[in-house]
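Asker: What follows is a structure written as structure tokens; I'll ask about it next.
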Amino acid sequence: MIYRFKVTFNASKGFYRLYELWGENTLYDLHEHIVNDLNYAPDQIVFFAVKDKSGKERKKYGLFDFGHGAMDEKTIDVLISHNETTLFYVFDVRGNRELCMTFVETDDELPRKSYPRTADEKDDAPPQFIDINSPSPEDLQIDEL
């Protein structure tokens with residue numbers, strides 16, 4: 001059985017990915033897939049967060065254990081069995097930017113496919129980093145000639 005997750009980015013209405021994983025895949029496996037799929041640098045501080053309905057972070061799974069386990073210890077089937085069906089992949093800690101990953105459904109695995117895999121995609125990935133010191137486009141003024 002595979003688990004299907006829809007991945008979105010709040011600052012880009014068009015971007016999404018559909019990732020499929022085996023239940024025994026870990027969050028670390030998912031992290032590696034995201035890095036490869038989106039062409040992100042693999043040597044950055046990242047983590048998965050589980051939030052409550054108000055948006056407050058309840059749990060954090062990182063490359064190191066933040067108190068709830070490390071990425072390589074948490075499998076997808078265990079997360080789903082604990083009703084942790086929405087994960088936030090924080091890929092830019094300094095810029096506080098994250099991907100929202102929502103569990104969609106389970107399905108049978110396809111023959112001759114390897115998992116995790118990207119089953120569907122739309123639009124380019126958001127850049128991994130933004131320059132927080134540069135002005136936003138709204139702050140720039142263009143002089144009239």
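Identifiers for the structure tokens are assigned positionally: chains receive A, B, ... in sequence, residues are indexed from 1 per chain, and ligands are indexed from 1 in the order shown.
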Considering only strand (DSSP E) as DSSP defines it on the backbone, what residues of segment 34-140 of chain A qualify? List them as an mmCIF file with C-alpha atoms, in the first residue's frame.
Answerer:
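Result went into result.cif, see below:
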```
data_model
loop_
_atom_site.group_PDB
_atom_site.id
_atom_site.type_symbol
_atom_site.label_atom_id
_atom_site.label_comp_id
_atom_site.auth_asym_id
_atom_site.auth_seq_id
_atom_site.Cartn_x
_atom_site.Cartn_y
_atom_site.Cartn_z
ATOM 1 C CA PHE A 47 12.406 19.779 9.755
ATOM 2 C CA PHE A 48 8.847 18.498 9.597
ATOM 3 C CA ALA A 49 6.323 20.108 11.927
ATOM 4 C CA VAL A 50 2.900 18.968 13.080
ATOM 5 C CA LYS A 51 0.625 21.841 14.065
ATOM 6 C CA GLU A 57 3.603 23.736 16.452
ATOM 7 C CA ARG A 58 2.898 20.545 18.456
ATOM 8 C CA LYS A 59 5.733 18.306 17.274
ATOM 9 C CA LYS A 60 8.939 18.723 15.326
ATOM 10 C CA TYR A 61 10.876 15.987 13.536
ATOM 11 C CA GLY A 62 14.327 17.014 12.397
ATOM 12 C CA THR A 86 -0.808 17.253 7.736
ATOM 13 C CA LEU A 87 2.905 17.932 7.893
ATOM 14 C CA PHE A 88 4.795 21.149 7.294
ATOM 15 C CA TYR A 89 8.219 20.761 5.711
ATOM 16 C CA VAL A 90 10.222 23.790 6.831
ATOM 17 C CA PHE A 91 12.872 24.160 4.135
ATOM 18 C CA ASP A 92 14.001 27.742 4.868
ATOM 19 C CA ARG A 97 9.084 29.148 4.654
ATOM 20 C CA GLU A 98 7.434 25.762 4.458
ATOM 21 C CA LEU A 99 5.611 23.313 2.242
ATOM 22 C CA CYS A 100 2.251 21.988 3.426
ATOM 23 C CA MET A 101 1.921 18.236 2.953
ATOM 24 C CA THR A 102 -1.593 16.834 3.311
ATOM 25 C CA PHE A 103 -2.408 13.129 3.311
ATOM 26 C CA VAL A 104 -4.907 12.463 0.519
ATOM 27 C CA GLU A 105 -5.455 8.707 0.316
ATOM 28 C CA THR A 106 -3.983 5.234 0.249
ATOM 29 C CA ASP A 107 -3.754 3.165 -2.898
ATOM 30 C CA ARG A 117 8.001 9.154 -6.173
ATOM 31 C CA THR A 118 6.414 12.242 -7.669
ATOM 32 C CA ALA A 119 3.120 11.161 -9.222
ATOM 33 C CA ASP A 120 2.005 14.593 -10.447
ATOM 34 C CA GLU A 121 3.334 18.146 -10.483
ATOM 35 C CA LYS A 122 2.465 21.665 -11.536
#
```
Asker: I'd like the contact shell of Asn36 of chain A - 12 Å cut-off, only C-alpha atoms, skipping same-chain residues fewer than 6 positions apart - returned as an NGL selection string.
Answerer: :A and (29-30 or 42 or 116-118 or 125)
Asker: The selected residues should be written to file as a PDB file, in the first residue's frame (atoms: N, CA and C atoms).
Answerer:
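Writing done, so here's selection_32.pdb:
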```pdb
ATOM      1  N   ASP A  29      13.416   9.688   4.278  1.00  0.00           N
ATOM      2  CA  ASP A  29      13.251   9.298   2.878  1.00  0.00           C
ATOM      3  C   ASP A  29      12.469  10.372   2.120  1.00  0.00           C
ATOM      4  N   LEU A  30      11.416  10.875   2.752  1.00  0.00           N
ATOM      5  CA  LEU A  30      10.608  11.928   2.137  1.00  0.00           C
ATOM      6  C   LEU A  30      11.432  13.202   1.959  1.00  0.00           C
ATOM      7  N   PRO A  42      21.067  19.957  -0.264  1.00  0.00           N
ATOM      8  CA  PRO A  42      20.784  18.951   0.760  1.00  0.00           C
ATOM      9  C   PRO A  42      21.411  19.226   2.123  1.00  0.00           C
ATOM     10  N   PRO A 116       9.894   6.586  -2.519  1.00  0.00           N
ATOM     11  CA  PRO A 116       8.930   7.635  -2.840  1.00  0.00           C
ATOM     12  C   PRO A 116       9.088   8.114  -4.274  1.00  0.00           C
ATOM     13  N   ARG A 117       7.981   8.654  -4.809  1.00  0.00           N
ATOM     14  CA  ARG A 117       8.001   9.154  -6.173  1.00  0.00           C
ATOM     15  C   ARG A 117       7.054  10.334  -6.312  1.00  0.00           C
ATOM     16  N   THR A 118       7.295  11.131  -7.339  1.00  0.00           N
ATOM     17  CA  THR A 118       6.414  12.242  -7.669  1.00  0.00           C
ATOM     18  C   THR A 118       5.432  11.741  -8.709  1.00  0.00           C
ATOM     19  N   ALA A 125       9.171  24.825  -8.642  1.00  0.00           N
ATOM     20  CA  ALA A 125       9.317  24.829  -7.185  1.00  0.00           C
ATOM     21  C   ALA A 125       9.632  26.234  -6.700  1.00  0.00           C
TER      22      ALA A 125
END
```
Asker: Can you tell me how far atom CA of Trp22 of chain A sits from atom CA of Thr75 of chain A, in Å to one decimal?
Answerer: 9.0 Å
Asker: Identify all residues of segment 46-121 of chain A in alpha helix (DSSP H) (DSSP on the backbone) and supply them as an MDAnalysis selection string.
Answerer: chainID A and resid 76:81
Asker: With only C-alpha atoms as the basis for distance, which of A:Ile130, A:Met71, A:Leu63, A:Leu110 is at the shortest distance from Arg94 of chain A?
Answerer: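 Checking each candidate against Arg94 of chain A, we get A:Ile130 as the closest.
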Asker: Rounded to one decimal in Å, what is the spacing between atom CA of Lys74 of chain A and atom CA of Phe129 of chain A?
Answerer: 26.5 Å
Asker: Pick from A:Leu18, A:Ile2, A:Leu38, A:Ile80: nearest to Asp124 of chain A, with only C-alpha atoms counted?
Answerer: A:Leu38
Asker: I'd like the interatomic distance between atom CA of Val7 of chain A and atom CA of Tyr19 of chain A, to a tenth of an Å.
Answerer: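 Straight-line distance from atom CA of Val7 of chain A to atom CA of Tyr19 of chain A works out to 7.4 Å.
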